[in-house]
file final_1.txt (compact mmCIF, C-alpha atoms)
# COMPACT_ATOMS: atom_id res chain seq x y z
CA MET L 20 0.00 0.00 0.00
CA LYS L 21 2.78 2.43 0.90
CA ALA L 22 4.48 1.75 -2.44
CA TYR L 23 1.21 2.28 -4.31
CA CYS L 24 0.50 5.66 -2.67
CA GLU L 25 4.06 6.88 -3.11
CA ALA L 26 4.03 5.84 -6.78
CA GLU L 27 0.88 7.96 -7.22
CA ASN L 28 2.62 10.86 -5.40
CA PHE L 29 -0.38 10.84 -3.01
CA LYS L 30 -2.62 12.22 -5.76
CA GLY L 31 -5.89 10.58 -6.62
CA TRP L 32 -9.62 10.73 -7.09
CA ASP L 33 -12.28 11.30 -4.43
CA PRO L 34 -15.91 10.16 -4.07
CA TYR L 35 -17.05 13.79 -4.31
CA ASP L 36 -14.79 15.20 -7.04
CA GLY L 37 -17.21 14.87 -9.96
CA LEU L 38 -17.49 18.63 -10.51
CA ASN L 39 -13.77 18.70 -11.32
CA SER L 40 -14.71 17.08 -14.65
CA LYS L 41 -13.55 19.30 -17.49
CA VAL L 42 -16.45 17.92 -19.53
CA PHE L 43 -19.04 19.03 -16.96
CA GLN L 44 -17.40 22.45 -16.55
CA ALA L 45 -17.82 23.00 -20.30
CA LEU L 46 -21.59 22.39 -20.08
CA PRO L 47 -24.26 24.98 -19.19
CA PHE L 48 -25.66 22.56 -16.57
CA LYS L 49 -22.85 23.58 -14.22
CA HIS L 50 -24.95 26.59 -13.20
CA TRP L 51 -27.91 24.43 -12.07
CA ASP L 52 -27.83 23.07 -8.51
CA LEU L 53 -29.83 19.91 -9.30
CA ALA L 54 -27.51 19.09 -12.19
CA ARG L 55 -24.46 19.58 -9.98
CA LEU L 56 -25.95 17.38 -7.29
CA ALA L 57 -26.93 14.64 -9.74
CA TRP L 58 -23.50 14.72 -11.38
CA ILE L 59 -21.68 14.34 -8.04
CA GLN L 60 -23.99 11.56 -6.87
CA GLY L 61 -23.64 9.75 -10.17
CA PHE L 62 -19.86 9.61 -9.75
CA LYS L 63 -20.12 8.74 -6.06
CA ARG L 64 -22.62 5.90 -6.47
CA SER L 65 -21.31 4.35 -9.66
CA PRO L 66 -19.26 1.16 -9.21
CA ILE L 67 -17.60 2.01 -12.53
CA ASN L 68 -15.05 4.80 -12.54
CA PHE L 69 -15.73 7.27 -15.36
CA ARG L 70 -13.31 9.92 -14.08
CA ALA L 71 -10.54 9.41 -16.62
CA LEU L 72 -13.05 9.33 -19.49
CA LEU L 73 -14.74 12.53 -18.27
CA LEU L 74 -11.45 14.29 -17.57
CA VAL L 75 -11.41 14.43 -13.78
CA PRO L 76 -7.75 14.95 -12.83
CA LYS L 77 -6.00 13.19 -9.97
CA GLN L 78 -5.10 15.81 -7.38
CA HIS L 79 -3.82 16.31 -3.86
CA ASN L 80 -6.47 16.61 -1.15
CA SER L 81 -5.51 18.44 2.03
CA LYS L 82 -7.18 16.01 4.41
CA GLY L 83 -5.66 13.11 2.54
CA ILE L 84 -2.19 14.63 2.77
CA ALA L 85 -2.76 15.23 6.50
CA LEU L 86 -3.62 11.57 7.00
CA PHE L 87 -0.53 10.46 5.09
CA LEU L 88 1.58 12.84 7.18
CA LEU L 89 0.11 11.43 10.40
CA GLY L 90 0.88 7.94 9.17
CA TYR L 91 4.48 8.76 8.33
CA CYS L 92 4.92 10.31 11.76
CA LYS L 93 3.81 6.99 13.29
CA LEU L 94 6.16 5.05 10.99
CA TYR L 95 8.98 7.36 12.07
CA GLN L 96 8.20 6.73 15.73
CA ALA L 97 8.26 2.99 15.04
CA SER L 98 11.63 3.37 13.29
CA LEU L 99 13.07 4.83 16.48
CA LYS L 100 12.03 1.59 18.18
CA GLY L 101 13.96 -0.48 15.64
CA GLU L 102 11.28 -0.96 12.94
CA ASP L 103 12.98 -0.41 9.56
CA VAL L 104 10.66 -2.39 7.28
CA TYR L 105 9.02 0.82 6.00
CA GLY L 106 12.20 2.87 5.68
CA SER L 107 15.00 4.24 7.78
CA SER L 108 14.47 7.08 10.23
CA VAL L 109 16.26 9.42 7.83
CA GLU L 110 14.09 8.40 4.87
CA LEU L 111 10.90 8.75 6.88
CA LEU L 112 11.98 12.11 8.27
CA ASN L 113 12.54 13.40 4.75
CA LYS L 114 9.05 12.23 3.76
CA ILE L 115 7.59 14.00 6.82
CA LYS L 116 9.27 17.26 5.81
CA GLU L 117 8.09 16.87 2.21
CA LEU L 118 4.46 16.26 3.19
CA THR L 119 4.55 19.06 5.78
CA ASN L 120 5.57 21.58 3.14
CA LEU L 121 2.98 20.23 0.72
CA LEU L 122 0.22 20.46 3.32
CA LEU L 123 1.11 24.04 4.22
CA SER L 124 1.01 24.95 0.52
CA LEU L 125 -2.60 23.68 0.32
CA LYS L 126 -3.97 26.17 2.88
CA SER L 127 -7.07 28.17 1.99
CA GLN L 128 -6.38 31.88 1.69
CA GLY L 129 -8.27 34.90 2.98
CA TYR L 130 -9.33 33.76 6.46
CA SER L 131 -8.41 34.68 10.02
CA GLY L 132 -5.93 31.85 10.41
CA ALA L 133 -4.60 28.66 8.88
CA CYS L 134 -7.41 26.52 7.47
CA TRP L 135 -7.99 23.94 4.80
CA GLY L 136 -10.76 22.79 2.48
CA TYR L 137 -11.08 20.30 -0.36
CA ASN L 138 -9.84 20.36 -3.94
CA PHE L 139 -13.30 20.22 -5.53
CA ASP L 140 -16.61 22.05 -5.62
CA TRP L 141 -19.29 20.23 -3.66
CA GLN L 142 -23.06 20.66 -3.87
CA ALA L 143 -24.66 20.13 -0.42
CA ARG L 144 -28.12 18.91 -1.45
CA ARG L 145 -29.93 22.09 -2.58
CA LEU L 146 -28.73 24.06 0.43
CA PHE L 147 -25.55 25.61 -0.95
CA LEU L 148 -22.50 25.12 -3.15
CA PHE L 149 -19.15 24.64 -1.43
CA LYS L 150 -16.56 26.07 -3.79
CA LYS L 151 -13.22 24.28 -3.84
CA ASN L 152 -10.87 25.33 -1.02
CA THR L 153 -13.77 26.57 1.11
CA PRO L 154 -12.38 25.71 4.56
CA THR L 155 -14.11 23.30 6.91
CA VAL L 156 -13.36 22.61 10.53
CA VAL L 157 -13.08 18.90 9.73
CA ALA L 158 -10.33 19.23 7.13
CA THR L 159 -8.61 21.86 9.27
CA ALA L 160 -8.58 19.67 12.40
CA PHE L 161 -6.89 16.80 10.58
CA CYS L 162 -4.32 19.18 9.11
CA VAL L 163 -3.62 20.80 12.48
CA GLU L 164 -3.04 17.47 14.20
CA ALA L 165 -0.75 16.24 11.42
CA LEU L 166 1.31 19.43 11.36
CA LEU L 167 1.73 19.42 15.13
CA GLU L 168 2.82 15.78 15.04
CA SER L 169 5.33 16.84 12.39
CA TYR L 170 6.50 19.73 14.59
CA GLU L 171 7.10 17.39 17.53
CA ILE L 172 9.48 15.43 15.30
CA THR L 173 11.18 18.20 13.31
CA LYS L 174 10.98 21.01 15.90
CA ASP L 175 10.45 23.46 13.02
CA GLU L 176 9.14 26.55 14.85
CA SER L 177 7.75 28.07 11.65
CA VAL L 178 5.42 25.07 11.29
CA LEU L 179 4.23 25.46 14.88
CA LYS L 180 3.65 29.19 14.52
CA GLU L 181 1.64 28.86 11.31
CA THR L 182 -0.40 25.89 12.50
CA LEU L 183 -1.48 27.51 15.75
CA THR L 184 -3.16 30.35 13.86
CA ALA L 185 -5.90 27.81 13.05
CA ALA L 186 -7.38 28.73 16.44
CA ASP L 187 -8.13 32.19 15.03
CA PHE L 188 -9.98 30.56 12.15
CA VAL L 189 -12.12 28.57 14.59
CA ILE L 190 -12.87 31.55 16.84
CA ASN L 191 -13.41 34.23 14.21
CA ASP L 192 -14.65 32.47 11.07
CA LEU L 193 -16.92 29.70 12.33
CA SER L 194 -20.38 30.41 13.70
CA ARG L 195 -21.63 29.11 17.05
CA THR L 196 -25.06 27.72 17.85
CA PRO L 197 -25.92 27.83 21.58
CA HIS L 198 -27.01 24.51 23.04
CA GLY L 199 -27.45 23.57 26.68
CA ASN L 200 -24.50 24.74 28.73
CA GLY L 201 -22.33 25.34 25.70
CA PHE L 202 -22.52 25.69 21.94
CA LEU L 203 -21.75 23.93 18.66
CA PHE L 204 -19.17 25.21 16.19
CA SER L 205 -20.32 25.23 12.58
CA TYR L 206 -19.00 22.79 10.00
CA SER L 207 -17.64 25.52 7.77
CA VAL L 208 -17.68 29.24 7.08
CA LYS L 209 -20.92 28.81 5.13
CA ASP L 210 -24.24 28.58 6.97
CA GLY L 211 -26.47 25.57 6.49
CA ASN L 212 -24.62 22.82 8.35
CA ASN L 213 -24.10 24.40 11.75
CA THR L 214 -25.03 21.66 14.22
CA VAL L 215 -22.94 18.62 13.33
CA ILE L 216 -21.62 17.14 16.58
CA ASN L 217 -18.33 15.71 15.35
CA ALA L 218 -17.49 18.90 13.48
CA SER L 219 -18.04 21.00 16.60
CA LEU L 220 -15.85 18.64 18.61
CA LEU L 221 -13.12 18.97 16.02
CA GLY L 222 -13.26 22.74 16.52
CA ALA L 223 -12.74 22.13 20.24
CA LYS L 224 -9.88 19.79 19.40
CA ILE L 225 -8.11 22.55 17.46
CA LEU L 226 -8.52 24.98 20.36
CA SER L 227 -7.20 22.40 22.81
CA TYR L 228 -4.05 22.08 20.73
CA SER L 229 -3.69 25.83 20.81
CA TYR L 230 -4.07 25.82 24.59
CA LYS L 231 -1.41 23.11 24.91
CA TYR L 232 1.18 25.38 23.30
CA THR L 233 -0.03 28.89 24.13
CA LYS L 234 -1.92 28.47 27.43
CA LYS L 235 -4.52 30.98 26.26
CA ASP L 236 -7.41 30.71 28.72
CA GLU L 237 -9.97 31.84 26.15
CA HIS L 238 -9.14 28.85 23.97
CA LEU L 239 -9.55 26.48 26.91
CA LYS L 240 -12.87 28.07 27.85
CA LEU L 241 -14.34 27.86 24.36
CA ALA L 242 -13.10 24.31 23.83
CA LYS L 243 -14.67 23.18 27.09
CA GLU L 244 -18.01 24.79 26.24
CA ALA L 245 -18.10 22.98 22.89
CA ILE L 246 -17.16 19.67 24.54
CA THR L 247 -19.85 20.23 27.18
CA ALA L 248 -22.57 20.76 24.58
CA ALA L 249 -21.54 17.63 22.69
CA CYS L 250 -21.45 15.51 25.85
CA GLU L 251 -24.90 16.78 26.85
CA LEU L 252 -26.07 15.52 23.46
CA GLN L 253 -24.68 12.05 24.13
CA GLU L 254 -27.49 9.58 24.76
CA GLU L 255 -27.71 7.49 27.90
CA ASP L 256 -26.35 4.39 26.13
CA GLY L 257 -23.21 6.30 25.07
CA SER L 258 -24.23 6.98 21.46
CA TRP L 259 -24.42 10.18 19.44
CA ILE L 260 -26.55 11.08 16.47
CA TYR L 261 -24.67 12.78 13.63
CA GLY L 262 -26.27 16.22 13.90
CA LEU L 263 -29.30 18.19 15.01
CA LEU L 264 -31.08 18.68 11.68
CA ALA L 265 -34.03 16.34 11.16
CA ILE L 266 -32.17 14.56 8.35
CA GLN L 267 -29.06 13.98 10.53
CA SER L 268 -30.43 11.61 13.16
CA TRP L 269 -28.43 8.52 12.17
CA LYS L 270 -25.70 6.95 14.33
CA ASP L 271 -22.60 5.72 12.54
CA SER L 272 -19.26 4.16 13.32
CA PHE L 273 -16.51 6.50 12.21
CA HIS L 274 -18.12 9.75 13.38
CA THR L 275 -18.46 8.14 16.80
CA GLY L 276 -14.73 7.51 16.55
CA PHE L 277 -14.11 11.16 15.65
CA ASN L 278 -16.11 12.26 18.71
CA LEU L 279 -14.18 10.08 21.12
CA ASP L 280 -10.84 11.04 19.61
CA ALA L 281 -11.63 14.76 19.91
CA ILE L 282 -12.77 14.57 23.54
CA GLU L 283 -9.74 12.50 24.53
CA THR L 284 -7.41 14.90 22.69
CA TYR L 285 -8.94 17.79 24.63
CA GLN L 286 -8.32 15.95 27.90
CA GLN L 287 -4.71 15.13 27.01
CA ASN L 288 -3.96 18.67 25.86
CA THR L 289 -5.58 20.47 28.79
CA GLY L 290 -5.33 18.08 31.74
CA ASP L 291 -9.09 18.45 32.25
CA VAL L 292 -10.39 14.89 32.62
CA SER L 293 -13.94 15.81 33.63
CA PHE L 294 -15.38 14.18 30.50
CA GLN L 295 -13.90 10.74 31.14
CA LYS L 296 -17.28 9.15 31.92
CA HIS L 297 -18.55 10.24 28.50
CA ILE L 298 -15.51 8.69 26.82
CA LYS L 299 -16.03 5.46 28.73
CA LYS L 300 -19.71 5.18 27.79
CA GLY L 301 -19.02 6.18 24.21
CA LEU L 302 -16.20 3.68 23.80
CA GLU L 303 -18.31 0.83 25.18
CA TYR L 304 -21.09 1.68 22.73
CA TYR L 305 -18.60 2.03 19.86
CA ILE L 306 -16.97 -1.36 20.38
CA LYS L 307 -20.24 -3.18 21.09
CA ASN L 308 -22.39 -1.86 18.25
CA PHE L 309 -20.20 -1.33 15.20
CA PHE L 310 -18.17 -4.55 14.79
CA GLU L 311 -19.12 -8.17 14.24
CA GLU L 312 -17.36 -11.05 16.03
CA ASP L 313 -15.35 -11.92 12.89
CA GLY L 314 -14.08 -8.34 12.60
CA MET L 315 -16.50 -7.16 9.92
CA PRO L 316 -17.22 -3.45 10.49
CA LYS L 317 -20.73 -1.99 10.40
CA TYR L 318 -21.59 1.48 9.12
CA TYR L 319 -24.65 2.14 11.29
CA HIS L 320 -25.52 0.94 14.78
CA ASN L 321 -28.52 -0.94 13.42
CA GLN L 322 -27.38 -2.06 9.96
CA THR L 323 -24.15 -3.20 8.37
CA TYR L 324 -24.18 -1.94 4.81
CA PRO L 325 -22.64 -0.08 3.17
CA ILE L 326 -19.36 -1.21 4.72
CA ASP L 327 -17.27 1.93 4.39
CA ILE L 328 -13.47 1.82 4.60
CA HIS L 329 -13.55 4.68 7.13
CA CYS L 330 -15.11 2.34 9.70
CA PRO L 331 -12.26 -0.16 10.16
CA ALA L 332 -9.66 2.57 9.77
CA GLN L 333 -10.98 4.98 12.38
CA VAL L 334 -11.46 2.48 15.20
CA ILE L 335 -7.74 1.66 15.20
CA VAL L 336 -6.77 5.34 15.33
CA THR L 337 -9.33 6.12 18.02
CA ALA L 338 -8.25 3.16 20.16
CA SER L 339 -4.65 4.26 19.91
CA LYS L 340 -5.56 7.80 20.98
CA LEU L 341 -7.61 6.50 23.94
CA ASN L 342 -4.82 4.11 24.97
CA VAL L 343 -7.17 1.13 24.80
CA PHE L 344 -5.54 -0.68 21.87
CA LYS L 345 -3.82 -3.39 23.91
CA GLU L 346 -6.94 -4.50 25.76
CA ASN L 347 -8.86 -4.74 22.47
CA GLU L 348 -6.01 -6.04 20.30
CA ARG L 349 -7.82 -9.28 19.45
CA LEU L 350 -10.79 -7.40 17.97
CA PHE L 351 -8.65 -4.87 16.08
CA SER L 352 -6.48 -7.61 14.61
CA LYS L 353 -9.61 -9.32 13.31
CA VAL L 354 -10.96 -6.02 11.97
CA LEU L 355 -7.71 -5.35 10.10
CA ASP L 356 -7.50 -8.93 8.77
CA TRP L 357 -11.12 -8.80 7.59
CA THR L 358 -10.53 -5.45 5.88
CA MET L 359 -7.36 -6.57 4.11
CA ASN L 360 -9.04 -9.79 2.98
CA ASN L 361 -12.23 -8.14 1.75
CA MET L 362 -11.41 -4.53 0.87
CA GLN L 363 -7.84 -4.46 -0.43
CA HIS L 364 -6.86 -4.88 -4.08
CA LYS L 365 -3.81 -6.90 -5.04
CA LYS L 366 -2.17 -3.64 -6.18
CA GLY L 367 -2.29 -2.41 -2.58
CA TYR L 368 -5.08 0.15 -2.62
CA PHE L 369 -8.28 -0.15 -0.60
CA TYR L 370 -11.87 -0.09 -1.82
CA TYR L 371 -14.36 2.65 -0.97
CA GLN L 372 -17.45 0.66 0.07
CA LEU L 373 -18.90 -2.82 -0.01
CA LYS L 374 -22.65 -3.10 -0.56
CA LYS L 375 -25.14 -5.96 -0.67
CA GLY L 376 -25.39 -5.47 -4.40
CA MET L 377 -22.70 -4.06 -6.65
CA SER L 378 -19.87 -2.58 -4.58
CA SER L 379 -17.62 0.38 -5.34
CA LYS L 380 -14.05 -0.90 -5.56
CA ILE L 381 -12.65 2.34 -6.92
CA SER L 382 -9.36 3.55 -5.43
CA TYR L 383 -9.93 6.89 -3.69
CA MET L 384 -6.77 8.45 -2.36
CA ARG L 385 -8.24 10.55 0.47
CA TRP L 386 -11.30 8.56 1.48
CA SER L 387 -9.83 5.06 1.29
CA ASN L 388 -6.06 4.91 1.05
CA ALA L 389 -5.07 7.81 3.28
CA PHE L 390 -7.37 6.65 6.06
CA MET L 391 -6.11 3.07 5.90
CA PHE L 392 -2.47 4.14 5.60
CA ASN L 393 -2.83 6.15 8.81
CA ALA L 394 -4.67 3.30 10.54
CA MET L 395 -2.12 0.69 9.56
CA ALA L 396 0.75 2.93 10.68
CA HIS L 397 -0.98 3.32 14.06
CA PHE L 398 -1.50 -0.47 14.24
CA ASN L 399 2.15 -1.09 13.39
CA LEU L 400 3.37 1.30 16.09
CA GLU L 401 1.06 -0.19 18.70
CA MET L 402 2.24 -3.72 17.93
CA LYS L 403 5.89 -2.65 17.90
CA SER L 404 5.48 -0.87 21.25
CA GLN L 405 4.01 -3.99 22.85
CA LYS L 406 7.02 -6.10 21.84
CA LEU L 407 9.54 -3.82 23.59
call {"tool": "encode", "arguments": {"input": "final_1.txt", "output": "structure tokens"}}
result
Amino acid sequence: MKAYCEAENFKGWDPYDGLNSKVFQALPFKHWDLARLAWIQGFKRSPINFRALLLVPKQHNSKGIALFLLGYCKLYQASLKGEDVYGSSVELLNKIKELTNLLLSLKSQGYSGACWGYNFDWQARRLFLFKKNTPTVVATAFCVEALLESYEITKDESVLKETLTAADFVINDLSRTPHGNGFLFSYSVKDGNNTVINASLLGAKILSYSYKYTKKDEHLKLAKEAITAACELQEEDGSWIYGLLAIQSWKDSFHTGFNLDAIETYQQNTGDVSFQKHIKKGLEYYIKNFFEEDGMPKYYHNQTYPIDIHCPAQVIVTASKLNVFKENERLFSKVLDWTMNNMQHKKGYFYYQLKKGMSSKISYMRWSNAFMFNAMAHFNLEMKSQKL
């Protein structure tokens, strides 16, 4: 897999990149929201990849590059423990520096601080059009974590300084929706998707990183208020719905993982462990409801399909962050084995989704390969650490 992604220079297609088609951009339909939506969904749902035929270029995606950077940081840490299968410490350090510079070059411009979006226009139902490079808190949070992991290895102060300005983006450019004893950060700078729980928690995660390095009390206060609101929205069984809009009431695997990761990151960065009971309940629900005994991951709490590659990938990363990998190693080993046996191509790349009918086995660099690369690097480091 590593060889495949490096050979592609970490560029690739994405489930949502249909509007990058040069054919579509030459048509008058590009000005019609329903046509844009139908075009994107056609690409996303089709098990056949028409992107080359319809002139969709392979490109870098900021979140994908962040995930690769996180993965290389974990491989580097493993190399310091004697693991040289994936390259020497020097080789991995050079790759970390290369990806760090690339990720910084992909920043969105014109906002209060460092922030990142995606490399394609995206039609959000009929609500609004996200133009390419419109920053989101989700993409930004992944980029911030990756760059700070890079900083901890390279000690490049310019990377730290630039990355920490992302807190200004969160505070000044995102809206806040009051809820309970706190509030929810919006998904992006555009209104219309303002009450997504995992997105708000990722905003808090960014601010907690800022507090770790700057000790700014305002950042701690705002992060805690966002965490509080999200934890008040956690149901008694430990679960979370996706968001507060009527159409966002589902419960899924990998967003649950995002929630737990963000809350735990806040606790590690601030020393405030007052949300530990929410992590405990959420983790129990996560492990119990989203994985079969043989390791097969489920998308929703009450149904399996579609089996999305995010689901097996995120649980490994979340478990590593929560320091619960060792006690659940048997399950995670089965999850990884199942995923490699059922969702990996012989060329190394991973499939997007398996469905009851015709599955999508297209190679998506950000959605599939970057997530699994990061997960497998985490798995490798955890296993290496246990042997020492």
call {"tool": "atom_distance", "arguments": {"input": "final_1.txt", "atom1": "CA of Lys296 in chain L", "atom2": "CA of Phe398 in chain L"}}
result
25.6 Å
call {"tool": "residues_around", "arguments": {"input": "final_1.txt", "residues": "Phe273 in chain L", "least_positions_apart": "6", "cutoff": "10 Å", "atoms": "all atoms listed in the file", "output": "mmCIF file with C-alpha atoms, in the coordinates of the input"}}
result
data_model
loop_
_atom_site.group_PDB
_atom_site.id
_atom_site.type_symbol
_atom_site.label_atom_id
_atom_site.label_comp_id
_atom_site.auth_asym_id
_atom_site.auth_seq_id
_atom_site.Cartn_x
_atom_site.Cartn_y
_atom_site.Cartn_z
ATOM 1 C CA ASN L 217 -18.330 15.710 15.350
ATOM 2 C CA LEU L 279 -14.180 10.080 21.120
ATOM 3 C CA TYR L 305 -18.600 2.030 19.860
ATOM 4 C CA PHE L 309 -20.200 -1.330 15.200
ATOM 5 C CA LYS L 317 -20.730 -1.990 10.400
ATOM 6 C CA TYR L 318 -21.590 1.480 9.120
ATOM 7 C CA TYR L 319 -24.650 2.140 11.290
ATOM 8 C CA ASP L 327 -17.270 1.930 4.390
ATOM 9 C CA ILE L 328 -13.470 1.820 4.600
ATOM 10 C CA HIS L 329 -13.550 4.680 7.130
ATOM 11 C CA CYS L 330 -15.110 2.340 9.700
ATOM 12 C CA PRO L 331 -12.260 -0.160 10.160
ATOM 13 C CA ALA L 332 -9.660 2.570 9.770
ATOM 14 C CA GLN L 333 -10.980 4.980 12.380
ATOM 15 C CA VAL L 334 -11.460 2.480 15.200
ATOM 16 C CA THR L 337 -9.330 6.120 18.020
#
call {"tool": "atom_distance", "arguments": {"input": "final_1.txt", "atom1": "CA of Gly276 in chain L", "atom2": "CA of Lys116 in chain L"}}
result
28.0 Å
call {"tool": "closest_residue", "arguments": {"input": "final_1.txt", "among": "L:Arg55, L:Tyr232, L:Lys345, L:Gln405", "to": "Glu176 in chain L", "atoms": "only C-alpha atoms"}}
result
L:Tyr232
call {"tool": "closest_residue", "arguments": {"input": "final_1.txt", "among": "L:Ser404, L:Ser382, L:Gln267, L:Asn288", "to": "Gln96 in chain L", "atoms": "all atoms listed in the file"}}
result
L:Ser404
call {"tool": "closest_residue", "arguments": {"input": "final_1.txt", "among": "L:Asp313, L:Asp140, L:Glu110, L:Asp187", "to": "Ser98 in chain L", "atoms": "only C-alpha atoms"}}
result
L:Glu110
call {"tool": "residues_around", "arguments": {"input": "final_1.txt", "residues": "Val336 in chain L", "least_positions_apart": "6", "cutoff": "8 Å", "atoms": "only C-alpha atoms", "output": "list of chain:residue names"}}
result
L:Asn393, L:Ala394, L:His397, L:Phe398
call {"tool": "residues_around", "arguments": {"input": "final_1.txt", "residues": "Glu312 in chain L", "least_positions_apart": "6", "cutoff": "12 Å", "atoms": "all atoms listed in the file", "output": "ChimeraX atom specification"}}
result
/L:306,349-354,357
call {"tool": "atom_distance", "arguments": {"input": "final_1.txt", "atom1": "CA of Leu241 in chain L", "atom2": "CA of Leu226 in chain L"}}
result
7.6 Å
call {"tool": "closest_residue", "arguments": {"input": "final_1.txt", "among": "L:Trp269, L:Phe188, L:Tyr23, L:Phe139", "to": "Asn39 in chain L", "atoms": "all atoms listed in the file"}}
result
L:Phe139
call {"tool": "closest_residue", "arguments": {"input": "final_1.txt", "among": "L:Phe43, L:Trp32, L:Tyr228, L:Tyr105", "to": "Asn138 in chain L", "atoms": "all atoms listed in the file"}}
result
L:Trp32
